[in-house]
$ cat final_18.txt   # compact mmCIF, C-alpha atoms and all ligand atoms
# COMPACT_ATOMS: atom_id res chain seq x y z
CA MET A 1 28.58 1.70 12.75
CA LEU A 2 27.00 -0.28 9.92
CA ASN A 3 29.48 -1.22 7.24
CA LEU A 4 27.81 -0.34 3.93
CA ASP A 5 30.96 -0.26 1.73
CA LYS A 6 29.67 -2.67 -0.91
CA SER A 7 26.24 -1.03 -1.01
CA GLN A 8 27.79 2.39 -1.44
CA ALA A 9 29.94 1.19 -4.34
CA ALA A 10 26.90 -0.51 -5.91
CA PHE A 11 24.85 2.68 -5.55
CA THR A 12 27.58 4.78 -7.15
CA GLU A 13 27.47 2.49 -10.17
CA ALA A 14 23.65 2.24 -10.21
CA LYS A 15 23.39 6.03 -10.39
CA THR A 16 25.21 5.89 -13.73
CA LEU A 17 22.67 3.34 -15.00
CA MET A 18 19.26 4.36 -13.63
CA PRO A 19 17.72 7.73 -12.73
CA GLY A 20 18.80 8.31 -9.11
CA GLY A 21 20.20 4.76 -9.07
CA VAL A 22 16.82 3.10 -8.55
CA ASN A 23 13.72 1.77 -10.29
CA SER A 24 11.32 3.43 -7.83
CA PRO A 25 12.12 6.76 -6.13
CA VAL A 26 11.67 6.14 -2.38
CA ARG A 27 14.19 3.29 -2.48
CA SER A 28 16.98 5.84 -3.01
CA TYR A 29 16.87 7.21 0.60
CA LYS A 30 17.44 10.60 -1.04
CA SER A 31 15.12 12.35 1.40
CA MET A 32 17.10 10.84 4.31
CA ASP A 33 20.45 12.17 3.00
CA CYS A 34 22.06 8.74 3.04
CA ASP A 35 22.60 5.79 0.70
CA PRO A 36 20.40 2.67 0.68
CA PRO A 37 21.59 -0.83 1.51
CA PHE A 38 21.57 -3.08 -1.56
CA ILE A 39 19.68 -6.25 -0.77
CA ASP A 40 21.05 -9.72 -1.33
CA HIS A 41 18.27 -11.88 0.08
CA ALA A 42 15.46 -12.07 2.62
CA LYS A 43 13.95 -14.81 4.79
CA GLY A 44 11.02 -14.62 7.21
CA SER A 45 11.06 -11.27 9.02
CA LYS A 46 14.67 -10.49 8.03
CA ILE A 47 16.32 -8.85 5.08
CA TYR A 48 20.10 -9.04 4.35
CA ASP A 49 22.24 -6.60 2.41
CA ILE A 50 25.29 -7.28 0.22
CA ASP A 51 27.63 -6.22 3.06
CA GLY A 52 26.18 -9.02 5.22
CA ASN A 53 24.10 -6.78 7.52
CA GLU A 54 20.86 -8.25 8.87
CA TYR A 55 17.74 -6.14 9.43
CA ILE A 56 14.29 -6.77 10.88
CA ASP A 57 12.09 -5.76 7.98
CA TYR A 58 8.96 -3.65 8.51
CA ILE A 59 8.72 -2.58 4.85
CA GLY A 60 7.96 -6.06 3.52
CA SER A 61 8.46 -4.92 -0.09
CA TRP A 62 6.04 -2.05 0.70
CA GLY A 63 3.29 -4.37 1.82
CA PRO A 64 3.11 -7.66 -0.10
CA MET A 65 5.21 -9.89 2.18
CA VAL A 66 2.48 -10.52 4.74
CA VAL A 67 3.46 -14.16 5.34
CA GLY A 68 7.15 -13.25 5.56
CA HIS A 69 9.91 -13.51 2.97
CA ALA A 70 10.54 -16.77 1.11
CA HIS A 71 7.73 -18.60 2.89
CA PRO A 72 8.28 -22.34 2.21
CA GLN A 73 4.74 -22.83 0.85
CA VAL A 74 5.12 -19.93 -1.59
CA VAL A 75 8.62 -20.96 -2.67
CA GLU A 76 7.63 -24.59 -3.24
CA ALA A 77 4.56 -23.64 -5.27
CA LEU A 78 6.67 -21.30 -7.40
CA GLN A 79 9.37 -23.89 -8.00
CA LYS A 80 6.77 -26.39 -9.19
CA VAL A 81 4.90 -24.04 -11.50
CA THR A 82 8.09 -22.64 -13.05
CA GLU A 83 8.94 -26.06 -14.45
CA LYS A 84 5.73 -25.91 -16.48
CA GLY A 85 6.77 -22.74 -18.32
CA THR A 86 6.76 -19.12 -17.23
CA SER A 87 4.14 -17.49 -19.46
CA TYR A 88 1.59 -18.63 -22.04
CA GLY A 89 -0.49 -15.55 -22.84
CA ALA A 90 -3.54 -17.82 -22.75
CA PRO A 91 -6.22 -18.69 -20.18
CA THR A 92 -5.25 -20.91 -17.24
CA LEU A 93 -7.07 -22.48 -14.30
CA LEU A 94 -4.77 -20.54 -11.99
CA GLU A 95 -6.45 -17.24 -12.93
CA SER A 96 -9.87 -18.55 -11.94
CA ASP A 97 -8.45 -20.03 -8.73
CA LEU A 98 -6.99 -16.70 -7.62
CA ALA A 99 -10.17 -14.87 -8.70
CA LYS A 100 -12.32 -17.22 -6.56
CA LEU A 101 -10.00 -16.88 -3.57
CA VAL A 102 -10.11 -13.08 -3.74
CA MET A 103 -13.87 -12.96 -4.27
CA SER A 104 -14.47 -15.29 -1.31
CA VAL A 105 -13.04 -12.58 0.96
CA TYR A 106 -14.27 -9.54 -1.02
CA PRO A 107 -17.95 -10.25 -1.79
CA SER A 108 -18.35 -6.75 -3.29
CA ILE A 109 -16.22 -8.01 -6.21
CA GLU A 110 -18.58 -9.86 -8.54
CA LYS A 111 -16.14 -9.86 -11.46
CA ILE A 112 -12.41 -9.21 -11.47
CA ARG A 113 -9.63 -8.44 -13.95
CA MET A 114 -5.99 -9.24 -13.11
CA VAL A 115 -3.32 -6.71 -14.04
CA ASN A 116 0.38 -6.29 -13.20
CA SER A 117 0.58 -3.28 -10.88
CA GLY A 118 -1.55 -1.10 -8.63
CA THR A 119 -1.02 1.70 -11.13
CA GLU A 120 -2.74 -0.33 -13.83
CA ALA A 121 -5.55 -1.36 -11.50
CA THR A 122 -6.57 2.17 -10.52
CA MET A 123 -6.08 3.60 -14.01
CA SER A 124 -8.26 0.86 -15.48
CA ALA A 125 -10.92 1.15 -12.76
CA ILE A 126 -11.30 4.86 -13.51
CA ARG A 127 -11.57 4.11 -17.22
CA ALA A 128 -14.27 1.49 -16.60
CA ALA A 129 -16.19 3.90 -14.35
CA ARG A 130 -16.02 6.58 -17.03
CA GLY A 131 -17.20 4.14 -19.67
CA TYR A 132 -20.04 2.98 -17.43
CA THR A 133 -21.30 6.43 -16.43
CA GLY A 134 -20.46 8.34 -19.62
CA ARG A 135 -18.99 11.06 -17.39
CA GLU A 136 -15.41 12.37 -17.53
CA LYS A 137 -14.41 13.86 -14.18
CA PHE A 138 -13.42 12.03 -11.03
CA VAL A 139 -12.53 12.93 -7.47
CA LYS A 140 -9.40 11.95 -5.59
CA PHE A 141 -8.23 12.97 -2.14
CA ILE A 142 -5.16 15.07 -1.47
CA GLY A 143 -2.30 12.90 -0.18
CA CYS A 144 -3.80 9.63 -1.45
CA TYR A 145 -1.57 7.79 -3.91
CA HIS A 146 -3.07 5.57 -6.58
CA GLY A 147 0.02 4.85 -8.66
CA HIS A 148 1.64 7.00 -11.30
CA SER A 149 -0.81 7.15 -14.21
CA ASP A 150 -1.20 10.74 -15.44
CA SER A 151 -4.65 11.61 -14.21
CA LEU A 152 -3.97 10.16 -10.75
CA LEU A 153 -0.63 11.89 -10.29
CA VAL A 154 -2.34 15.01 -9.03
CA LYS A 155 -1.83 16.05 -5.40
CA ALA A 156 -0.50 12.54 -4.80
CA GLY A 157 1.08 11.00 -1.71
CA SER A 158 3.89 8.46 -1.16
CA GLY A 159 7.14 9.23 -3.02
CA ALA A 160 5.45 12.10 -4.85
CA ALA A 161 4.85 13.77 -1.47
CA THR A 162 8.22 12.71 -0.04
CA PHE A 163 10.04 14.39 -2.93
CA GLY A 164 7.76 17.42 -3.06
CA VAL A 165 6.28 16.66 -6.49
CA PRO A 166 2.63 15.85 -5.73
CA ASP A 167 1.86 17.42 -9.12
CA SER A 168 4.37 15.99 -11.57
CA PRO A 169 5.75 17.78 -14.60
CA GLY A 170 4.70 15.82 -17.67
CA VAL A 171 1.06 15.60 -16.63
CA THR A 172 -0.75 17.95 -18.99
CA LYS A 173 -3.24 20.58 -17.82
CA GLY A 174 -5.80 18.91 -20.06
CA THR A 175 -5.42 15.63 -18.21
CA ALA A 176 -5.26 17.15 -14.74
CA GLN A 177 -8.39 19.25 -15.23
CA ASP A 178 -10.63 16.20 -15.08
CA THR A 179 -9.20 15.29 -11.67
CA ILE A 180 -10.94 17.09 -8.82
CA THR A 181 -9.02 17.01 -5.53
CA VAL A 182 -10.43 17.51 -2.04
CA PRO A 183 -8.91 17.12 1.44
CA TYR A 184 -9.19 13.67 3.05
CA ASN A 185 -11.62 13.31 5.96
CA ASP A 186 -13.33 16.63 5.14
CA MET A 187 -16.98 15.69 4.55
CA ALA A 188 -18.10 19.25 3.80
CA ALA A 189 -15.52 19.55 0.99
CA ILE A 190 -16.62 16.41 -0.87
CA GLU A 191 -20.31 17.20 -0.30
CA GLN A 192 -19.83 20.61 -1.89
CA VAL A 193 -18.02 19.20 -4.94
CA ILE A 194 -20.66 16.53 -5.47
CA THR A 195 -23.53 18.94 -4.97
CA GLU A 196 -22.08 21.34 -7.55
CA GLN A 197 -20.65 18.92 -10.14
CA GLY A 198 -22.19 15.53 -9.28
CA ASN A 199 -23.67 14.91 -12.72
CA GLU A 200 -20.24 15.31 -14.36
CA ILE A 201 -18.41 13.00 -11.92
CA ALA A 202 -17.83 9.38 -12.97
CA ALA A 203 -16.05 8.18 -9.85
CA VAL A 204 -14.73 8.95 -6.42
CA ILE A 205 -11.54 7.03 -5.71
CA ILE A 206 -10.24 6.77 -2.16
CA GLU A 207 -7.78 4.86 -0.04
CA PRO A 208 -10.39 3.96 2.59
CA VAL A 209 -7.50 3.60 5.02
CA ALA A 210 -4.89 5.99 3.66
CA GLY A 211 -1.34 4.65 3.70
CA ASN A 212 0.50 7.10 1.48
CA MET A 213 0.60 10.23 3.63
CA GLY A 214 1.77 8.10 6.51
CA LEU A 215 -1.05 5.97 7.89
CA VAL A 216 -4.18 8.10 8.21
CA LEU A 217 -7.48 6.59 9.33
CA PRO A 218 -10.92 7.66 8.12
CA LYS A 219 -12.94 9.61 10.68
CA GLN A 220 -15.96 7.90 12.15
CA GLY A 221 -18.87 7.90 9.70
CA TYR A 222 -16.80 9.39 6.86
CA LEU A 223 -16.77 6.35 4.56
CA ARG A 224 -20.45 5.65 5.26
CA ARG A 225 -21.46 9.18 4.26
CA LEU A 226 -19.23 8.96 1.20
CA ARG A 227 -21.06 5.78 0.19
CA GLU A 228 -24.44 7.44 0.65
CA ILE A 229 -23.67 10.60 -1.30
CA THR A 230 -21.98 8.80 -4.22
CA GLU A 231 -24.93 6.43 -4.49
CA GLN A 232 -27.40 9.32 -4.52
CA HIS A 233 -25.58 10.90 -7.47
CA GLY A 234 -24.88 7.75 -9.51
CA ILE A 235 -21.14 8.09 -8.92
CA VAL A 236 -18.98 4.94 -8.90
CA LEU A 237 -17.27 4.61 -5.51
CA ILE A 238 -13.84 3.01 -5.95
CA PHE A 239 -12.00 1.73 -2.90
CA ASP A 240 -8.29 1.58 -3.65
CA GLU A 241 -7.30 -1.23 -1.30
CA VAL A 242 -4.01 -1.95 -3.05
CA MET A 243 -2.29 -1.34 0.28
CA CYS A 244 -4.98 -1.85 2.92
CA GLY A 245 -6.51 -4.94 1.30
CA PHE A 246 -5.94 -8.04 3.48
CA ARG A 247 -4.29 -5.66 5.97
CA ALA A 248 -6.86 -3.33 7.57
CA SER A 249 -8.63 -6.67 8.07
CA LEU A 250 -8.67 -9.85 6.01
CA GLY A 251 -11.55 -8.36 4.01
CA GLY A 252 -9.79 -4.99 3.86
CA ALA A 253 -11.18 -1.64 4.90
CA GLN A 254 -14.55 -2.49 3.35
CA ALA A 255 -15.03 -5.35 5.81
CA ALA A 256 -13.54 -3.42 8.72
CA TYR A 257 -15.91 -0.45 8.20
CA GLY A 258 -18.85 -2.38 6.75
CA ILE A 259 -19.06 -0.47 3.45
CA VAL A 260 -19.82 -1.95 0.02
CA PRO A 261 -17.99 0.01 -2.71
CA ASP A 262 -18.93 -0.32 -6.38
CA MET A 263 -15.37 -1.17 -7.37
CA THR A 264 -12.22 -2.27 -5.54
CA CYS A 265 -8.56 -2.16 -6.52
CA LEU A 266 -6.22 -4.71 -4.98
CA GLY A 267 -2.49 -5.32 -5.39
CA LYS A 268 0.61 -6.09 -3.35
CA ILE A 269 -0.56 -9.07 -1.21
CA ILE A 270 -2.59 -10.74 -3.98
CA GLY A 271 0.67 -11.30 -5.84
CA GLY A 272 2.58 -12.64 -2.84
CA GLY A 273 5.65 -10.64 -3.93
CA LEU A 274 5.21 -11.08 -7.68
CA PRO A 275 3.75 -8.35 -9.91
CA VAL A 276 -0.03 -8.74 -9.58
CA ALA A 277 -2.87 -6.33 -8.98
CA ALA A 278 -6.54 -6.43 -9.85
CA TYR A 279 -9.65 -4.35 -10.20
CA GLY A 280 -13.16 -5.60 -9.83
CA GLY A 281 -16.65 -4.85 -8.64
CA LYS A 282 -20.23 -4.92 -9.76
CA THR A 283 -20.90 -7.14 -12.77
CA GLU A 284 -22.68 -4.37 -14.68
CA ILE A 285 -19.60 -2.13 -14.42
CA MET A 286 -17.03 -4.87 -15.06
CA ASP A 287 -18.96 -6.10 -18.10
CA MET A 288 -18.10 -2.76 -19.70
CA VAL A 289 -14.51 -4.04 -19.97
CA ALA A 290 -13.26 -5.68 -23.22
CA PRO A 291 -14.01 -8.16 -24.62
CA ALA A 292 -17.35 -8.24 -22.75
CA GLY A 293 -17.78 -4.52 -23.39
CA PRO A 294 -16.21 -1.57 -25.21
CA VAL A 295 -13.80 -0.20 -22.54
CA TYR A 296 -10.37 -1.40 -23.64
CA GLN A 297 -7.80 -2.80 -21.25
CA ALA A 298 -5.28 -5.60 -21.81
CA GLY A 299 -1.90 -7.05 -20.74
CA THR A 300 0.68 -9.41 -22.25
CA LEU A 301 1.68 -10.78 -18.85
CA SER A 302 -1.64 -10.28 -17.04
CA GLY A 303 -2.64 -13.42 -15.14
CA ASN A 304 0.91 -14.76 -15.45
CA PRO A 305 1.10 -18.31 -14.03
CA LEU A 306 4.00 -17.60 -11.64
CA ALA A 307 2.34 -14.46 -10.33
CA MET A 308 -1.04 -16.21 -9.90
CA THR A 309 0.67 -19.07 -8.07
CA ALA A 310 2.45 -16.80 -5.58
CA GLY A 311 -0.86 -15.02 -4.96
CA ILE A 312 -2.79 -18.25 -4.46
CA ALA A 313 -0.15 -19.63 -2.06
CA THR A 314 -0.10 -16.41 -0.03
CA LEU A 315 -3.89 -16.02 0.14
CA SER A 316 -4.26 -19.71 1.03
CA ILE A 317 -2.10 -19.12 4.11
CA LEU A 318 -4.04 -15.95 5.02
CA THR A 319 -7.46 -17.50 4.62
CA ALA A 320 -6.73 -20.96 6.11
CA ALA A 321 -9.12 -21.91 8.89
CA PRO A 322 -7.32 -21.43 12.23
CA GLU A 323 -6.45 -24.47 14.28
CA GLU A 324 -8.84 -25.34 17.08
CA GLY A 325 -8.83 -22.60 19.71
CA GLN A 326 -6.29 -20.45 17.82
CA PRO A 327 -6.97 -16.94 16.49
CA ASP A 328 -6.77 -16.51 12.72
CA PHE A 329 -3.76 -15.22 10.82
CA SER A 330 -4.93 -11.61 10.44
CA ARG A 331 -5.95 -11.38 14.09
CA VAL A 332 -2.54 -12.50 15.26
CA LEU A 333 -0.94 -9.79 13.10
CA THR A 334 -3.26 -7.17 14.57
CA ILE A 335 -2.41 -8.24 18.12
CA LYS A 336 1.35 -8.24 17.43
CA THR A 337 1.11 -4.79 15.87
CA LYS A 338 -0.83 -3.47 18.86
CA GLN A 339 1.80 -4.84 21.25
CA LEU A 340 4.57 -3.11 19.33
CA LEU A 341 2.72 0.20 19.20
CA LEU A 342 1.89 0.22 22.91
CA ALA A 343 5.57 -0.27 23.73
CA LEU A 344 6.62 2.38 21.19
CA GLN A 345 4.19 4.86 22.73
CA ASN A 346 5.66 4.18 26.20
CA ALA A 347 9.23 4.46 24.90
CA ALA A 348 8.49 7.82 23.29
CA LYS A 349 6.86 9.04 26.49
CA GLU A 350 9.88 7.98 28.55
CA ALA A 351 12.11 9.92 26.17
CA GLY A 352 9.82 12.94 26.54
CA ILE A 353 8.72 12.95 22.89
CA LYS A 354 5.18 13.40 21.62
CA ILE A 355 4.33 11.21 18.66
CA GLN A 356 1.18 10.08 16.90
CA LEU A 357 0.90 6.34 16.34
CA HIS A 358 -1.75 4.90 14.05
CA GLN A 359 -2.77 1.30 13.43
CA ALA A 360 -5.10 -0.48 11.04
CA GLY A 361 -4.77 -4.26 11.43
CA SER A 362 -1.20 -5.11 10.42
CA MET A 363 -0.44 -1.60 9.11
CA PHE A 364 1.10 1.04 11.33
CA GLY A 365 2.61 4.49 11.16
CA LEU A 366 4.36 7.00 13.35
CA PHE A 367 4.39 10.78 13.08
CA PHE A 368 6.69 13.12 14.97
CA ASN A 369 3.81 15.47 15.59
CA GLU A 370 2.25 16.83 18.77
CA ASN A 371 -1.14 17.22 17.13
CA PRO A 372 -3.63 14.76 15.64
CA VAL A 373 -2.97 13.73 12.02
CA TYR A 374 -6.07 13.25 9.88
CA ASP A 375 -5.22 14.56 6.40
CA TYR A 376 -2.32 15.56 4.16
CA GLU A 377 -1.86 18.98 5.71
CA THR A 378 -1.64 17.70 9.29
CA SER A 379 0.63 14.86 8.17
CA ALA A 380 2.95 17.24 6.29
CA ALA A 381 3.26 19.37 9.45
CA SER A 382 5.13 16.50 11.15
CA ASN A 383 8.76 17.08 12.12
CA GLN A 384 10.90 15.80 9.21
CA GLU A 385 14.23 16.39 10.91
CA ALA A 386 13.18 14.37 13.96
CA PHE A 387 12.08 11.55 11.66
CA LYS A 388 15.44 11.59 9.90
CA VAL A 389 17.28 11.17 13.22
CA TYR A 390 14.91 8.36 14.21
CA PHE A 391 15.21 6.61 10.86
CA LYS A 392 19.01 6.63 10.87
CA ALA A 393 19.20 5.43 14.49
CA MET A 394 16.83 2.56 13.71
CA LEU A 395 18.71 1.53 10.55
CA GLU A 396 21.99 1.62 12.43
CA GLN A 397 20.49 -0.87 14.91
CA GLY A 398 19.24 -3.21 12.21
CA ILE A 399 15.62 -2.07 12.02
CA TYR A 400 14.50 -1.58 8.42
CA ILE A 401 11.70 0.99 8.19
CA ALA A 402 10.52 3.19 5.33
CA PRO A 403 12.77 6.20 4.72
CA SER A 404 9.84 8.62 4.88
CA GLN A 405 7.10 9.61 7.28
CA PHE A 406 4.68 9.53 4.34
CA GLU A 407 4.78 5.75 4.16
CA THR A 408 3.23 2.91 6.17
CA LEU A 409 4.94 0.02 7.95
CA PHE A 410 3.81 -3.59 7.94
CA MET A 411 3.81 -6.52 10.37
CA SER A 412 4.16 -10.02 8.92
CA GLY A 413 3.36 -13.51 10.12
CA ALA A 414 7.10 -14.14 10.39
CA HIS A 415 7.83 -11.42 12.99
CA THR A 416 8.60 -13.08 16.32
CA SER A 417 8.23 -11.71 19.85
CA GLU A 418 12.04 -11.54 19.89
CA ASP A 419 11.97 -9.31 16.77
CA ILE A 420 9.42 -7.07 18.44
CA ALA A 421 11.41 -6.86 21.70
CA LYS A 422 14.54 -5.96 19.72
CA THR A 423 12.62 -3.28 17.81
CA ILE A 424 11.38 -1.74 21.05
CA GLU A 425 14.91 -1.61 22.51
CA ALA A 426 16.16 0.03 19.30
CA ALA A 427 13.32 2.54 19.39
CA LYS A 428 14.20 3.54 22.96
CA ILE A 429 17.68 4.50 21.77
CA ALA A 430 16.32 6.17 18.63
CA PHE A 431 13.77 8.25 20.59
CA LYS A 432 16.57 9.31 22.96
CA ALA A 433 18.60 10.42 19.93
CA VAL A 434 15.59 12.47 18.79
CA ALA A 435 15.19 13.99 22.27
CA ASP A 436 18.89 14.93 22.37
CA PHE A 437 18.81 16.35 18.85
N1 LIG B 1 -2.67 2.37 -4.80
C1 LIG B 1 -2.18 2.38 -3.57
C2 LIG B 1 -3.10 2.63 -2.42
C3 LIG B 1 -0.82 2.16 -3.33
O1 LIG B 1 -0.35 2.18 -2.09
C4 LIG B 1 0.03 1.93 -4.43
C5 LIG B 1 1.50 1.68 -4.28
N2 LIG B 1 2.04 1.79 -3.05
C6 LIG B 1 -0.54 1.94 -5.72
C7 LIG B 1 -1.89 2.15 -5.86
C8 LIG B 1 0.31 1.70 -6.92
O2 LIG B 1 0.73 0.40 -6.98
P1 LIG B 1 2.01 -0.01 -7.85
O3 LIG B 1 3.20 0.56 -7.17
O4 LIG B 1 1.97 -1.52 -7.85
O5 LIG B 1 1.82 0.54 -9.22
$ encode --input "final_18.txt" --output "structure tokens"
Amino acid sequence: MLNLDKSQAAFTEAKTLMPGGVNSPVRSYKSMDCDPPFIDHAKGSKIYDIDGNEYIDYIGSWGPMVVGHAHPQVVEALQKVTEKGTSYGAPTLLESDLAKLVMSVYPSIEKIRMVNSGTEATMSAIRAARGYTGREKFVKFIGCYHGHSDSLLVKAGSGAATFGVPDSPGVTKGTAQDTITVPYNDMAAIEQVITEQGNEIAAVIIEPVAGNMGLVLPKQGYLRRLREITEQHGIVLIFDEVMCGFRASLGGAQAAYGIVPDMTCLGKIIGGGLPVAAYGGKTEIMDMVAPAGPVYQAGTLSGNPLAMTAGIATLSILTAAPEEGQPDFSRVLTIKTKQLLLALQNAAKEAGIKIQLHQAGSMFGLFFNENPVYDYETSAASNQEAFKVYFKAMLEQGIYIAPSQFETLFMSGAHTSEDIAKTIEAAKIAFKAVADF
């Protein structure tokens, strides 16, 4: 049995200080009916709690830690820049350096604005699209999560789905009525909405690879048709690649599926573990944003030198030219992820359990579900009790996965073949526990 005595005491105290003891809901493990380990430090593929337990980490801070925790290049760059002061609230070369790095991999982004969280990026992208089109409504897909700004917290995924509050109290009817929701992967549904209300719709925002209802992939041709129909109606197509950016492929889902959106939101990886996100896209849309244009958006700590530095160091590792004859960084992650999933599929089969396993580059997800999962409804039909048994058995064996089926897991450059072998052995035991349950 894991000894979590110190974590449990820390959680008891934290609950007197913060709502539910945490600063972001899913961290609480509330839906798993157990208490979370409190983390002391992390290095490479491992994370360590305050009781001294070691875990192989597939959460990676919910996506950002693609090069592994405390990567020496990132740490060294941060140490150096910190000595020069931590924030100036004034332009720096670092902001342009990160902008150029991002734009070199995302050519659809002609101009970019750095912000501090994915929530800010999507909220601001919608505002810019509204300013640009002069229209007020926008479309989002049920089970996609775009952060917690009011108008996007409608039929949302991630923690909102995990805790059964996809429509949060506190979001007014007035706000929610400009948000049109349609099922993911249902072309007829979005075509109908656009045919009927197209000239009132400013934007369609989508996770082109959806990671917040578990990992759900777009059906073949879906994104292409979405691009066509939005273009025909003058609707701004926003790809929210906060999670799948640099993950579905180096160039994100847009490169993987060959689609050029009008705007893109990025986050997580571009901050290398510090609070950074960004929105960007066509110059004519981005030039609507202040001070170039009238759409207001600002931030005291936006473009912070530490955050830019961690992002630059991380993206430099990701985009470095591979050594002679070696595959590139993202390809290696994809191969490692595939190896893990093949073994997991076999282990589940041996235990007599039917699961659905999905992969997009270095992202992966598992559903305890006998049937295909392609939208929120099919994802929500997965067996929650089976997942709970699996989750606890994995944690007990030192495998740190998200405490919800509505989340995605991540491979990093630091995961070794030994880590993967250990994970597979743990999964065999966990699947057996599910079968016996
Ligand atoms: N968009 C997507 C696709 C996300 O996955 C998330 C967070 N997981 C967000 C937006 C919000 O980002 P943040 O938590 O940084 O506000």
$ closest_residue --input "final_18.txt" --among "A:Pro327, A:Gly89, A:Gly214, A:Pro19" --to "ligand LIG 1 (chain B)" --atoms "all atoms listed in the file"
A:Gly214
$ atom_distance --input "final_18.txt" --atom1 "CA of Ile190 (chain A)" --atom2 "CA of Leu226 (chain A)"
8.2 Å
$ closest_atom_pairs --input "final_18.txt" --of "region 316-380 of chain A" --to "region 408-414 of chain A" --cutoff "12 Å" --atoms "only C-alpha atoms" --output "JSON lines"
{"residue": "A:Ile317", "atom": "CA", "partner": "A:Gly413", "partner_atom": "CA", "distance": 9.9}
{"residue": "A:Leu318", "atom": "CA", "partner": "A:Gly413", "partner_atom": "CA", "distance": 9.3}
{"residue": "A:Asp328", "atom": "CA", "partner": "A:Gly413", "partner_atom": "CA", "distance": 10.9}
{"residue": "A:Phe329", "atom": "CA", "partner": "A:Gly413", "partner_atom": "CA", "distance": 7.4}
{"residue": "A:Ser330", "atom": "CA", "partner": "A:Gly413", "partner_atom": "CA", "distance": 8.5}
{"residue": "A:Arg331", "atom": "CA", "partner": "A:Gly413", "partner_atom": "CA", "distance": 10.3}
{"residue": "A:Val332", "atom": "CA", "partner": "A:Gly413", "partner_atom": "CA", "distance": 7.9}
{"residue": "A:Leu333", "atom": "CA", "partner": "A:Met411", "partner_atom": "CA", "distance": 6.4}
{"residue": "A:Thr334", "atom": "CA", "partner": "A:Met411", "partner_atom": "CA", "distance": 8.2}
{"residue": "A:Ile335", "atom": "CA", "partner": "A:Met411", "partner_atom": "CA", "distance": 10.1}
{"residue": "A:Lys336", "atom": "CA", "partner": "A:Met411", "partner_atom": "CA", "distance": 7.7}
{"residue": "A:Thr337", "atom": "CA", "partner": "A:Met411", "partner_atom": "CA", "distance": 6.4}
{"residue": "A:Lys338", "atom": "CA", "partner": "A:Met411", "partner_atom": "CA", "distance": 10.1}
{"residue": "A:Gln339", "atom": "CA", "partner": "A:Met411", "partner_atom": "CA", "distance": 11.2}
{"residue": "A:Leu340", "atom": "CA", "partner": "A:Met411", "partner_atom": "CA", "distance": 9.6}
{"residue": "A:Leu341", "atom": "CA", "partner": "A:Met411", "partner_atom": "CA", "distance": 11.1}
{"residue": "A:Leu357", "atom": "CA", "partner": "A:Thr408", "partner_atom": "CA", "distance": 11.0}
{"residue": "A:His358", "atom": "CA", "partner": "A:Thr408", "partner_atom": "CA", "distance": 9.5}
{"residue": "A:Gln359", "atom": "CA", "partner": "A:Leu409", "partner_atom": "CA", "distance": 9.5}
{"residue": "A:Ala360", "atom": "CA", "partner": "A:Phe410", "partner_atom": "CA", "distance": 9.9}
{"residue": "A:Gly361", "atom": "CA", "partner": "A:Met411", "partner_atom": "CA", "distance": 8.9}
{"residue": "A:Ser362", "atom": "CA", "partner": "A:Met411", "partner_atom": "CA", "distance": 5.2}
{"residue": "A:Met363", "atom": "CA", "partner": "A:Phe410", "partner_atom": "CA", "distance": 4.8}
{"residue": "A:Phe364", "atom": "CA", "partner": "A:Leu409", "partner_atom": "CA", "distance": 5.2}
{"residue": "A:Gly365", "atom": "CA", "partner": "A:Thr408", "partner_atom": "CA", "distance": 5.3}
{"residue": "A:Leu366", "atom": "CA", "partner": "A:Thr408", "partner_atom": "CA", "distance": 8.3}
{"residue": "A:Phe367", "atom": "CA", "partner": "A:Thr408", "partner_atom": "CA", "distance": 10.5}
$ write_last_selection --input "final_18.txt" --atoms "C-alpha atoms" --output "tab-separated table (two decimals), in the coordinates of the input"
chain	number	residue	atom	x	y	z
A	317	ILE	CA	-2.10	-19.12	4.11
A	318	LEU	CA	-4.04	-15.95	5.02
A	328	ASP	CA	-6.77	-16.51	12.72
A	329	PHE	CA	-3.76	-15.22	10.82
A	330	SER	CA	-4.93	-11.61	10.44
A	331	ARG	CA	-5.95	-11.38	14.09
A	332	VAL	CA	-2.54	-12.50	15.26
A	333	LEU	CA	-0.94	-9.79	13.10
A	334	THR	CA	-3.26	-7.17	14.57
A	335	ILE	CA	-2.41	-8.24	18.12
A	336	LYS	CA	1.35	-8.24	17.43
A	337	THR	CA	1.11	-4.79	15.87
A	338	LYS	CA	-0.83	-3.47	18.86
A	339	GLN	CA	1.80	-4.84	21.25
A	340	LEU	CA	4.57	-3.11	19.33
A	341	LEU	CA	2.72	0.20	19.20
A	357	LEU	CA	0.90	6.34	16.34
A	358	HIS	CA	-1.75	4.90	14.05
A	359	GLN	CA	-2.77	1.30	13.43
A	360	ALA	CA	-5.10	-0.48	11.04
A	361	GLY	CA	-4.77	-4.26	11.43
A	362	SER	CA	-1.20	-5.11	10.42
A	363	MET	CA	-0.44	-1.60	9.11
A	364	PHE	CA	1.10	1.04	11.33
A	365	GLY	CA	2.61	4.49	11.16
A	366	LEU	CA	4.36	7.00	13.35
A	367	PHE	CA	4.39	10.78	13.08
$ residues_near_ligand --input "final_18.txt" --ligand "ligand LIG 1 (chain B)" --cutoff "9 Å" --atoms "only C-alpha atoms and all ligand atoms" --output "MDAnalysis selection string"
chainID A and resid 24 62:63 116:122 144:149 157:158 206:212 239:244 265:268 275:277 407
$ closest_residue --input "final_18.txt" --among "A:Asp35, A:Glu13, A:Asp5, A:Glu425" --to "Pro403 (chain A)" --atoms "all atoms listed in the file"
A:Asp35
